Structure formats: structure tokens, C-alpha cells
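J.: Pasting a structure here, questions to come.
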Amino acid sequence: MFSALGSALHRRRIAVLLLALLVTVLATLYGGTVSEKLTNSLSDYDDPGGGNVAAREIIGRATGIDPQQGYLLLVETDEPVGAGDTPPTAVTAAAELLRSRPEVERVTDYTSEGGSALIARDGSSTLVVADVRAMTDQESRTAEEQLQQAIEDDPDLRDRTSLGGATPGHVQVGQVSDEDLAQAELLSLPVILVLLFLVFRGLVAALVPLLGGIVSLLLTMAGLRVATDFMNVSAGAMSLAFALGLGLSIDFGLLIVSRYRDELAEHGPGAHALRRTVATAGRTVLFSALTVAAALASLTAFPQPYLRSMGLAGVITVVSAALFALLGLPAFLAVLGNRVNSLAPRRRQRTADSARAAEGRWHRIARTVMRRPAVFALLATVLLLLIASPLTGVRFTGVDATSLPEETSAGQVAAVVSRDYDVQSASPLQIVLDTGDSPDPARLDDYAERVGEVEGVDAVGAPARLDDRHWRIDAVLTDDPLADPALDAVDAVQDVTAPYPARFAGATADFLAQRASIADSLPLAGGILAVVTLLLLFAFSGSVVLPLKALVMNLLSTGAAFGFLVWVFQDGNLGFAAQSGLETTTPVLVFAIAFGLSTDYNVFLLSRIKEARAQGMDDRSAVAHGLARTGSIVTSAALLFCVPVGALALSRLVFIQELGLGAAFAVLIDATIVRALLVPSLMALLGRANWWAPSPLRALHRTLRLDRMEPPAPTPDTPAPAPEMTKTPAP
């Protein structure tokens, strides 16, 4: 199958390249508009079927106000103000500005009923709050820009007023994310190019995988643009597409190009070298891509649009990278032939002696480990568990304006409110009660009184009718919405027996609903991931032991990555400020990415071990040979992957830092401790049992002709190329 593909690509190499160029140009033109279609709203993190979403919809229909959006104007005053004081000119101007906005439904300042909490403890500033109708992402961005400009243009507001609140906060999260992504691209691409040159020991060979990364990203953008016509796609998907697309294209490109250069050295340029490359490395790339895509596809089991978007973006990115590696790259190599080794300084060229020296080091590592397999297996497992141990104290938090740097207006407002204000009246817990046609006011009042007695609740408003069937009660919390005391308070309120069916909304209730929804979806996502991975690895290897062992090793490496994240971000190490917890979606994303890439590297190694066994080597020799031939490739691939992913750790947003650093650390752990110690030791301990499968499954593997997808073992009577062919470019 793959041999035939290699032959076809060699024969039609010019046509394939022209077709690839045409597709890339069309993808660029079509996908260039994708950023305008991506969503960036708080609802991206909601379970659409959650009770909190239903509560917000009821409030919105009854009042015209979207409880998830709104503005806060923080106004600094020249003189301290009190509850009964006449509003200063700046406060009046701020209120008038908000009332002039068409999307604003209600404005509250400290002179409003119950508005005394909108004054800072020292009276040096006050908040003006605006409730708004539901707005699209584009409307939110436009409104934020217009408000910022209006503040700058008004001499009463300029230099003393800052714009914050839910709507500007989320708009600025998107802006900061886009800026940081562009910065990550700018910083990582030169580093990647230098590393590629050092790994490939030549400029042409180094540029080939980078070209694949660019093509893959353009194809991914086009794929996401198509998806936006059918569903909401979160803006966060582009961050994943950049890092994953570049990393996987380099991984696949490194595998294909390295194998092609090996075949060139042995057979010279021509159809045979390309056919052998596609038959061996091409098959590995296909199964590697399928395993990574399966891991990321498991994210679609979660109801949150953000996680589904990331899963979709991941699958499209993997498919794009695999298509280029399996079709475009071999055709390009067929055209290049020996020229793939061009522009390589003589002292940097990879000679046969240097290649054998590198392989010899990995061979010695494998032999050393396999001499004491039980000791090294135990050592590696204990080390991974030790790194994972901080996970026992993990806590989780959400994303809001407090995640922003204080150089942004919304981040500054959030920091001041958290520091200088006693209560969080701008983000109360909203309780929506379905009272039916005959509500009992006494029962509602009694319930409101019992809610007010809950520890962590500062004040409770009087029950207010929303419509013929629903009433609303607002409870103001004493702490920041995502702080542990606030979460405990809302948990306790939800446990208070309500006289009627109750739904809860507000920043705290939204986060608790999100956390519960993710926890409920984990078994399904994990089941999909495990089953699909087991099936793919069985199809690749014909064994049931190797897939099960891969699951265990992947869990160890991802567990170590989570423990590392807790130690760095929650405990505040390596120069990072301590956080109240990890962002809720980060562990899910890191697990999917790390699990897929761990399996990816496992397939790299198993492919070489299977080739060695097919050539007649015993199990231990095959493992040593496989590690020797792939050790440098996997290490280089992991290092190169960590550059674009790790560059996300330079972001000013903590949840993006967590994603970048967590994925990079997981990949490094897998490429070092797992690949160098755990894999060879477990392979040696199990021996021939590694390849065991029940007879019915072995028969199924043969019946489905999965064994026919494997490359034929090289035969000793394969004719060697004429000596002059090794210096002649491919025709």
C-alpha cells in the first residue's frame, strides 16, 4: 500500500507539487478571514445545557440584560467621597457616558439604592456599573473601542477613569492572547530554524519541515474557516493550531526526511529510495497522526464550545500536517533528490561515522537499561510519581479579568476592586426560582433570609419578580467570585433547601457549573481516548500488550506534567507568581496533547523495533536497535516541538502559560525518562509477551490485512545502485 503510494508520488511528483501549491494558495485566500469569524465570549466556557445558562436566559428574556456581560468604570476622585455626598463631576460624566450607550440597559452608581458598596474603603475611588443587553463578539469589541476612545476624549474622565467589567475584560483577554501569540511566533521561528539546521546539518533539509509547518497552518486556518459556518469556534483554537501545527510538521518532517536521507545513502536517489521511505516512515506517520488526532478528538466529548473548538482545531491541524508529510513532502523530496543535502557546511555534514556514533550512544543506553530492567523500571516509575506528587493538592480556578495584566484597563480595574473594595456587588450570585403560577411571598422571603445566613454571603436582596413564573434573588458575596471562600459560599447556598426549583447564575455559579460539567464528561472523553488508542496501536503492532503498556506509560508522563504545573503555578516556583489554582480547562488540554504526542513517539520507536524483529533480531536486540535508530530523532523532535509550544509560556495570561509549559514538559518527560528508561526496561521484562495477542485477534489482524500495511523486510539480494548514482540528482 505505502510502497505503491511512494511509487505514484515519484512518478507524478511535479503534478502533486503543483496541486499542493494550488491548494495552499486557495487555503490562504479562504482561511485568511478566519480570525474575523472566531468567537471570544464567556459563554464559550459554558455547558449549553447547564442550569446556569438556563438561569441567564430567563433573566435575559425578562429584563433584556445579559448577566454575563457588563461594564465597570473605575473613577478616581480628587477628594474622598461618602455614601451621601453629591457625585463629583467625573462620576456624573461616567454615568452619562454609560447611559448614552445603546446597549446599556441600566446604570448604577453609589447614589443608587444600595450603592454604597461601590465606594472604595478609603473613598478615593468609586465604581459606576452598567448592565447591558446581549452582544455579539464583534459588537463587544466595537463597544470596548468606542468606550476607551470616549474616556480619552472627555477631559473629566481622562487620566482618572479606567474601563473594566466582564465585557471589556473578555475582549482584552482576546487582544492580549493574539498579541502574545504573534510574539511567540516571532520569537520561536528563528530558534526553530537554527535548531533545524543543527539537527539536519544542512539548510535545505532544515527548511523542508518548516515549509511543512507553514503549509499545515494555512490548511488548518482554512479548515477552521469552514467550521465557523457550522459552529462557534473559539479564538483560543488559533493558539493551539500554531503550536501544534508547527510542532507536528517538524516531527513528521524529521521522520520522513531522516529516513529519506538514510535511503539515499544506501540506494541513491530515485523511485526505490522514495518507495522505501514512504513504506516505512510514511506508515509510521499515518499511525502517529491517527493517535494524536484521536487524543485531541476526545475533547469533543466535552460540551463546552471552547474545549470542542480546541479538539476540532487539533484534529484539523493533525490531518493537515499528515497530508503534507504523506503527499507533499515525498513529492518534494523526489524533486530534490540528493539536493536535500545541499547548503550543508562540510564540517556540519552528517557522516556515516557520526551517525553510527550517535546511534551507538543510544544503543549502549538501551543495553545498560536492559541489563537491569527491573531496577530501571522501578527507578523511572518512582521518579515520575515523585514529580506527579504535587497533584494531590491541586485546585482549580476560572478565567476572568483578574487573569489580565494590570497594564490593561480591565486588569487594572479588577486588581483595584479586589484590593480596595469590601464586597463584590458588581458580580452577585443570581438565584432564579421557578415559582409557577402561584408564588408564596412568605416562602420566598424565608428562603432569602436563610441564604443570607450562609457564611460568605454579605447581603441578600429582596425577591424580585422576573415574569409570571420566575422570581430572582441576588446574593452579594464577601470575597472575589473565584476565591475559595466564594466558591464554598455558593456551594453552601446551593445546598439550602429552596421552596421552588432553583437555578444559579453569576461568575461563581458559572465556574462551579463549568467544573462539574467537565468532571461529568471526563469518563466519556477518557473512554473514547483509551478505546481508540488501543485499537490504533493494535492495528499498528498486532499486539494487545503494547497498547495497554502505552496507556500506563502515558498516564505516568501526563501525571508528572500535571504535578509539575501544580508545583510551578499553584505553589509559585520558577519565578511564577503563586495562583489560587490551575485554570479548569488546562489539565484537559494538556492531557489530550501530551497523551497524543506520547503515543506518537511510541509509534516512532515501535516501528523500528518491528522492522528489526522482521529482519530476524531477537527481542532485546530489536529494542536496542530501535532505540538506537530513533533516539536522536525522538529527542530532536521533542526539543523542536517544545520551542513553539513552550513559547506560549511567555504569554502574559496565566492559563496560556500553563498550557504551553505543561505540554512542553510532558513531551520532554516522555522523550527522556519514558523513552530512555521505562520503554526498554519494560520491553526487556516482558520479552516476547510484548507481542502477544489472543488467537482470534491475531486472525482478525490478518483478515483485515493490517499486516500487509507493514513494509517488507529488506532482502539481501536487493541490487545495489551504481556508484555514480549516489551523486546524481533524482530525475
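In the C-alpha cells, each chain is lettered A, B, ... as it comes, each chain's residues begin at 1, and ligands are numbered from 1 in order of appearance.
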Which residues are close to Ile14 of chain A, i.e. within 12 Å by only C-alpha atoms, leaving aside same-chain residues fewer than 6 positions away? Reply as a PyMOL selection string.

T.: chain A and resi 8+20-21+327-336+731

J.: Please produce a file of the residues just selected, as a short mmCIF file (atom, residue, chain, number, x, y, z; two decimals), in the first residue's frame, where the atoms kept are all heavy atoms.

T.:
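Result file selection-v5.cif:
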data_model
loop_
_atom_site.label_atom_id
_atom_site.label_comp_id
_atom_site.auth_asym_id
_atom_site.auth_seq_id
_atom_site.Cartn_x
_atom_site.Cartn_y
_atom_site.Cartn_z
N ALA A 8 3.88 6.06 -6.85
CA ALA A 8 3.00 7.00 -7.54
C ALA A 8 3.45 8.44 -7.32
O ALA A 8 3.43 9.26 -8.24
CB ALA A 8 1.57 6.80 -7.05
N ALA A 20 -0.48 20.72 -4.78
CA ALA A 20 -0.28 21.18 -3.40
C ALA A 20 -0.15 22.69 -3.35
O ALA A 20 -0.69 23.34 -2.44
CB ALA A 20 0.97 20.52 -2.82
N LEU A 21 0.55 23.27 -4.32
CA LEU A 21 0.69 24.73 -4.37
C LEU A 21 -0.66 25.40 -4.59
O LEU A 21 -0.98 26.41 -3.92
CB LEU A 21 1.66 25.11 -5.49
CG LEU A 21 1.90 26.62 -5.69
CD1 LEU A 21 2.50 27.24 -4.43
CD2 LEU A 21 2.81 26.85 -6.89
N LEU A 327 1.99 13.30 1.37
CA LEU A 327 1.80 13.58 -0.05
C LEU A 327 2.75 14.65 -0.57
O LEU A 327 3.53 14.41 -1.50
CB LEU A 327 0.35 13.99 -0.31
CG LEU A 327 -0.72 12.97 0.09
CD1 LEU A 327 -2.11 13.54 -0.14
CD2 LEU A 327 -0.54 11.67 -0.67
N GLY A 328 2.69 15.83 0.02
CA GLY A 328 3.51 16.93 -0.48
C GLY A 328 4.99 16.73 -0.24
O GLY A 328 5.82 16.97 -1.14
N LEU A 329 5.35 16.29 0.96
CA LEU A 329 6.77 16.16 1.30
C LEU A 329 7.48 15.09 0.47
O LEU A 329 8.57 15.35 -0.07
CB LEU A 329 6.92 15.88 2.80
CG LEU A 329 8.34 15.72 3.33
CD1 LEU A 329 9.19 16.92 2.97
CD2 LEU A 329 8.32 15.52 4.85
N PRO A 330 6.92 13.88 0.30
CA PRO A 330 7.61 12.90 -0.55
C PRO A 330 7.79 13.39 -1.99
O PRO A 330 8.84 13.15 -2.60
CB PRO A 330 6.69 11.68 -0.49
CG PRO A 330 5.97 11.81 0.81
CD PRO A 330 5.76 13.28 0.98
N ALA A 331 6.77 14.06 -2.54
CA ALA A 331 6.92 14.59 -3.90
C ALA A 331 8.03 15.63 -3.97
O ALA A 331 8.81 15.67 -4.94
CB ALA A 331 5.59 15.19 -4.37
N PHE A 332 8.11 16.46 -2.94
CA PHE A 332 9.15 17.48 -2.89
C PHE A 332 10.53 16.83 -2.78
O PHE A 332 11.49 17.26 -3.44
CB PHE A 332 8.88 18.41 -1.72
CG PHE A 332 9.73 19.65 -1.71
CD1 PHE A 332 9.96 20.37 -2.87
CD2 PHE A 332 10.29 20.11 -0.53
CE1 PHE A 332 10.73 21.52 -2.86
CE2 PHE A 332 11.07 21.26 -0.50
CZ PHE A 332 11.29 21.96 -1.68
N LEU A 333 10.63 15.79 -1.98
CA LEU A 333 11.90 15.08 -1.84
C LEU A 333 12.29 14.39 -3.14
O LEU A 333 13.48 14.30 -3.49
CB LEU A 333 11.81 14.06 -0.71
CG LEU A 333 11.70 14.63 0.71
CD1 LEU A 333 11.51 13.52 1.73
CD2 LEU A 333 12.92 15.47 1.06
N ALA A 334 11.28 13.89 -3.87
CA ALA A 334 11.58 13.25 -5.16
C ALA A 334 12.19 14.25 -6.13
O ALA A 334 13.07 13.90 -6.93
CB ALA A 334 10.31 12.64 -5.74
N VAL A 335 11.73 15.48 -6.08
CA VAL A 335 12.29 16.52 -6.94
C VAL A 335 13.69 16.91 -6.47
O VAL A 335 14.61 17.10 -7.28
CB VAL A 335 11.37 17.76 -6.96
CG1 VAL A 335 12.04 18.93 -7.67
CG2 VAL A 335 10.04 17.42 -7.64
N LEU A 336 13.87 17.00 -5.15
CA LEU A 336 15.17 17.41 -4.62
C LEU A 336 16.24 16.34 -4.82
O LEU A 336 17.38 16.64 -5.21
CB LEU A 336 15.05 17.73 -3.12
CG LEU A 336 14.34 19.02 -2.75
CD1 LEU A 336 14.23 19.13 -1.22
CD2 LEU A 336 15.09 20.23 -3.29
N PRO A 731 15.86 12.08 -11.09
CA PRO A 731 15.33 12.58 -12.35
C PRO A 731 13.95 13.19 -12.16
O PRO A 731 13.27 12.87 -11.23
CB PRO A 731 15.24 11.32 -13.21
CG PRO A 731 15.15 10.19 -12.24
CD PRO A 731 15.94 10.60 -11.06
#

J.: For segment 680-684 of chain A, work out the shell of residues within 12 Å, counting only C-alpha atoms and skipping chain neighbours fewer than 6 positions away, then give it as a ChimeraX atom specification.

T.: /A:362-381,545-546,549-550,552-553,602,605-606,609,618-628,631,672-674,690-691

J.: Quick one: DSSP helix (DSSP H, G or I) residues in segment 62-199 of chain A, as an MDAnalysis selection string?

T.: chainID A and resid 62:63 89:99 115:118 137:153 166:199

J.: May I have all residues of segment 248-443 of chain A that DSSP, computed from the backbone, assigns to strand (DSSP E or B), given as a list in words?

T.: Phe396, Thr397, Leu429, Gln430, Ile431, Val432, Leu433 and Asp434 of chain A

J.: Can you write just those residues out, all heavy atoms, as a short mmCIF file (atom, residue, chain, number, x, y, z; two decimals), in the first residue's frame?

T.:
data_model
loop_
_atom_site.label_atom_id
_atom_site.label_comp_id
_atom_site.auth_asym_id
_atom_site.auth_seq_id
_atom_site.Cartn_x
_atom_site.Cartn_y
_atom_site.Cartn_z
N PHE A 396 -8.52 24.25 41.36
CA PHE A 396 -8.86 24.76 40.04
C PHE A 396 -9.52 26.13 40.16
O PHE A 396 -10.15 26.46 41.16
CB PHE A 396 -9.81 23.80 39.32
CG PHE A 396 -9.20 22.45 39.07
CD1 PHE A 396 -9.53 21.37 39.86
CD2 PHE A 396 -8.28 22.28 38.05
CE1 PHE A 396 -8.95 20.13 39.65
CE2 PHE A 396 -7.70 21.04 37.82
CZ PHE A 396 -8.04 19.96 38.63
N THR A 397 -9.35 26.93 39.12
CA THR A 397 -9.95 28.26 39.08
C THR A 397 -10.39 28.54 37.65
O THR A 397 -10.16 27.73 36.74
CB THR A 397 -8.96 29.33 39.57
OG1 THR A 397 -9.63 30.58 39.68
CG2 THR A 397 -7.78 29.47 38.62
N LEU A 429 -24.30 36.56 43.20
CA LEU A 429 -24.91 35.26 42.89
C LEU A 429 -26.37 35.52 42.57
O LEU A 429 -27.09 36.13 43.37
CB LEU A 429 -24.77 34.32 44.09
CG LEU A 429 -25.57 33.02 44.00
CD1 LEU A 429 -25.04 32.14 42.88
CD2 LEU A 429 -25.53 32.28 45.34
N GLN A 430 -26.81 35.05 41.42
CA GLN A 430 -28.19 35.27 40.99
C GLN A 430 -28.96 33.96 41.09
O GLN A 430 -28.60 32.98 40.44
CB GLN A 430 -28.20 35.82 39.56
CG GLN A 430 -27.46 37.14 39.41
CD GLN A 430 -27.05 37.45 37.99
OE1 GLN A 430 -26.85 36.55 37.18
NE2 GLN A 430 -26.91 38.72 37.68
N ILE A 431 -30.00 33.97 41.89
CA ILE A 431 -30.82 32.78 42.10
C ILE A 431 -32.14 32.99 41.39
O ILE A 431 -32.86 33.95 41.66
CB ILE A 431 -31.06 32.53 43.60
CG1 ILE A 431 -29.72 32.52 44.36
CG2 ILE A 431 -31.81 31.23 43.82
CD1 ILE A 431 -29.88 32.50 45.87
N VAL A 432 -32.46 32.10 40.46
CA VAL A 432 -33.71 32.17 39.70
C VAL A 432 -34.60 31.03 40.16
O VAL A 432 -34.22 29.85 40.05
CB VAL A 432 -33.45 32.10 38.19
CG1 VAL A 432 -34.76 32.08 37.42
CG2 VAL A 432 -32.58 33.27 37.74
N LEU A 433 -35.77 31.36 40.66
CA LEU A 433 -36.71 30.37 41.20
C LEU A 433 -37.90 30.23 40.27
O LEU A 433 -38.52 31.23 39.86
CB LEU A 433 -37.19 30.80 42.59
CG LEU A 433 -36.07 30.90 43.65
CD1 LEU A 433 -36.53 31.73 44.83
CD2 LEU A 433 -35.66 29.52 44.11
N ASP A 434 -38.21 28.99 39.93
CA ASP A 434 -39.38 28.70 39.09
C ASP A 434 -40.57 28.48 40.02
O ASP A 434 -40.81 27.38 40.51
CB ASP A 434 -39.11 27.46 38.24
CG ASP A 434 -40.20 27.20 37.23
OD1 ASP A 434 -41.26 27.86 37.30
OD2 ASP A 434 -40.01 26.34 36.35
#

J.: Excluding Leu466 of chain A and any residue of its chain fewer than 6 positions from it, enumerate the residues within 8 Å of it, using only C-alpha atoms, and give them as a PDB file with N, CA, C and O atoms, in the first residue's frame.

T.:
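Generated file (selection25.pdb):
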ATOM      1  N   ILE A  59     -33.341  35.388  32.888  1.00  0.00           N
ATOM      2  CA  ILE A  59     -33.103  36.785  33.273  1.00  0.00           C
ATOM      3  C   ILE A  59     -33.067  37.673  32.029  1.00  0.00           C
ATOM      4  O   ILE A  59     -33.628  38.770  32.001  1.00  0.00           O
ATOM      5  N   ALA A  62     -36.531  38.308  30.578  1.00  0.00           N
ATOM      6  CA  ALA A  62     -37.389  39.129  31.434  1.00  0.00           C
ATOM      7  C   ALA A  62     -36.909  40.571  31.530  1.00  0.00           C
ATOM      8  O   ALA A  62     -37.725  41.495  31.637  1.00  0.00           O
ATOM      9  N   THR A  63     -35.606  40.788  31.498  1.00  0.00           N
ATOM     10  CA  THR A  63     -35.073  42.129  31.766  1.00  0.00           C
ATOM     11  C   THR A  63     -34.379  42.755  30.573  1.00  0.00           C
ATOM     12  O   THR A  63     -34.118  43.965  30.578  1.00  0.00           O
ATOM     13  N   ARG A 472     -36.411  36.295  41.159  1.00  0.00           N
ATOM     14  CA  ARG A 472     -34.947  36.376  41.252  1.00  0.00           C
ATOM     15  C   ARG A 472     -34.542  36.923  42.609  1.00  0.00           C
ATOM     16  O   ARG A 472     -35.137  37.872  43.121  1.00  0.00           O
TER      17      ARG A 472
END

J.: Given only C-alpha atoms as the basis, pick out the residue of A:Ala561, A:Ala594, A:Leu9, A:Leu38 nearest to Ala293 of chain A.

T.: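 Among the listed residues, the smallest separation from Ala293 of chain A belongs to A:Ala594.
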
J.: Ranking A:Gly506, A:Gly662, A:Gly542, A:Gly616 by minimum distance to Asp66 of chain A and counting only C-alpha atoms, which one comes first?

T.: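 Among A:Gly506, A:Gly662, A:Gly542, A:Gly616, it is A:Gly506 that comes nearest to Asp66 of chain A.
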
J.: Neighbouring residues of Leu248 of chain A were defined as those with any atom within 8 Å, considering only C-alpha atoms; residues of the same chain fewer than 3 positions away were excluded. Please report them as a list in words.

T.: Gly213, Leu244, Gly245, Asp251, Phe252, Val318, Ala321 and Phe641 of chain A

J.: Have a look at A:Asp670, A:Glu36, A:Asp479, A:Glu179 and name the one nearest to Arg225 of chain A; count only C-alpha atoms.

T.: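 Looking only at the distances to Arg225 of chain A, the closest residue turns out to be A:Glu36.
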
J.: List the neighbours of segment 383-389 of chain A out to 8 Å using only C-alpha atoms; skip same-chain residues closer than 3 positions along the sequence, and give me the result as a ChimeraX atom specification.

T.: /A:379-380,392,556-557,559-564

J.: Given the selection you just returned, output its residues as a file containing N, CA, C and O atoms, formatted as a PDB file, in the first residue's frame.

T.:
ATOM      1  N   LEU A 379      12.952   2.590  39.083  1.00  0.00           N
ATOM      2  CA  LEU A 379      13.532   3.932  39.232  1.00  0.00           C
ATOM      3  C   LEU A 379      12.743   4.963  38.424  1.00  0.00           C
ATOM      4  O   LEU A 379      12.398   6.044  38.935  1.00  0.00           O
ATOM      5  N   ALA A 380      12.443   4.650  37.170  1.00  0.00           N
ATOM      6  CA  ALA A 380      11.708   5.587  36.321  1.00  0.00           C
ATOM      7  C   ALA A 380      10.304   5.823  36.856  1.00  0.00           C
ATOM      8  O   ALA A 380       9.816   6.962  36.880  1.00  0.00           O
ATOM      9  N   THR A 392      -1.644  15.910  44.210  1.00  0.00           N
ATOM     10  CA  THR A 392      -2.593  15.572  45.281  1.00  0.00           C
ATOM     11  C   THR A 392      -3.219  16.813  45.914  1.00  0.00           C
ATOM     12  O   THR A 392      -4.293  16.722  46.507  1.00  0.00           O
ATOM     13  N   LEU A 556       1.524   7.946  33.308  1.00  0.00           N
ATOM     14  CA  LEU A 556       2.630   8.350  34.176  1.00  0.00           C
ATOM     15  C   LEU A 556       3.244   9.672  33.708  1.00  0.00           C
ATOM     16  O   LEU A 556       3.508  10.567  34.526  1.00  0.00           O
ATOM     17  N   SER A 557       3.461   9.819  32.414  1.00  0.00           N
ATOM     18  CA  SER A 557       4.109  11.040  31.921  1.00  0.00           C
ATOM     19  C   SER A 557       3.173  12.242  32.029  1.00  0.00           C
ATOM     20  O   SER A 557       3.608  13.337  32.397  1.00  0.00           O
ATOM     21  N   GLY A 559       0.716  12.525  34.200  1.00  0.00           N
ATOM     22  CA  GLY A 559       0.609  12.803  35.637  1.00  0.00           C
ATOM     23  C   GLY A 559       1.784  13.621  36.137  1.00  0.00           C
ATOM     24  O   GLY A 559       1.626  14.550  36.941  1.00  0.00           O
ATOM     25  N   ALA A 560       2.980  13.304  35.639  1.00  0.00           N
ATOM     26  CA  ALA A 560       4.161  14.088  36.005  1.00  0.00           C
ATOM     27  C   ALA A 560       4.034  15.525  35.510  1.00  0.00           C
ATOM     28  O   ALA A 560       4.417  16.473  36.213  1.00  0.00           O
ATOM     29  N   ALA A 561       3.469  15.708  34.312  1.00  0.00           N
ATOM     30  CA  ALA A 561       3.286  17.063  33.779  1.00  0.00           C
ATOM     31  C   ALA A 561       2.315  17.860  34.652  1.00  0.00           C
ATOM     32  O   ALA A 561       2.546  19.047  34.935  1.00  0.00           O
ATOM     33  N   PHE A 562       1.239  17.226  35.118  1.00  0.00           N
ATOM     34  CA  PHE A 562       0.285  17.921  35.979  1.00  0.00           C
ATOM     35  C   PHE A 562       0.922  18.299  37.313  1.00  0.00           C
ATOM     36  O   PHE A 562       0.714  19.394  37.837  1.00  0.00           O
ATOM     37  N   GLY A 563       1.672  17.365  37.881  1.00  0.00           N
ATOM     38  CA  GLY A 563       2.349  17.676  39.133  1.00  0.00           C
ATOM     39  C   GLY A 563       3.309  18.838  38.979  1.00  0.00           C
ATOM     40  O   GLY A 563       3.417  19.701  39.863  1.00  0.00           O
ATOM     41  N   PHE A 564       3.999  18.875  37.853  1.00  0.00           N
ATOM     42  CA  PHE A 564       4.914  19.983  37.570  1.00  0.00           C
ATOM     43  C   PHE A 564       4.153  21.302  37.484  1.00  0.00           C
ATOM     44  O   PHE A 564       4.602  22.330  38.012  1.00  0.00           O
TER      45      PHE A 564
END

J.: For each of A:Ala95, A:Phe604, A:Gly247, A:Arg629, take the minimum atom-to-atom distance to Ser188 of chain A, counting only C-alpha atoms, then give the residue where this is smallest.

T.: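 Answer, going by the shortest atom-to-atom distance: A:Gly247.
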
J.: Tell me which of A:Met135, A:Gly202, A:Gly311, A:Ser403 sits closest to Ala294 of chain A, counting only C-alpha atoms.

T.: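 Using only C-alpha atoms, the shortest distance to Ala294 of chain A belongs to A:Gly311.
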
J.: Expressed in Å to a single decimal, how great is the separation between atom CA of Phe655 of chain A and atom CA of Glu144 of chain A?

T.: 22.9 Å
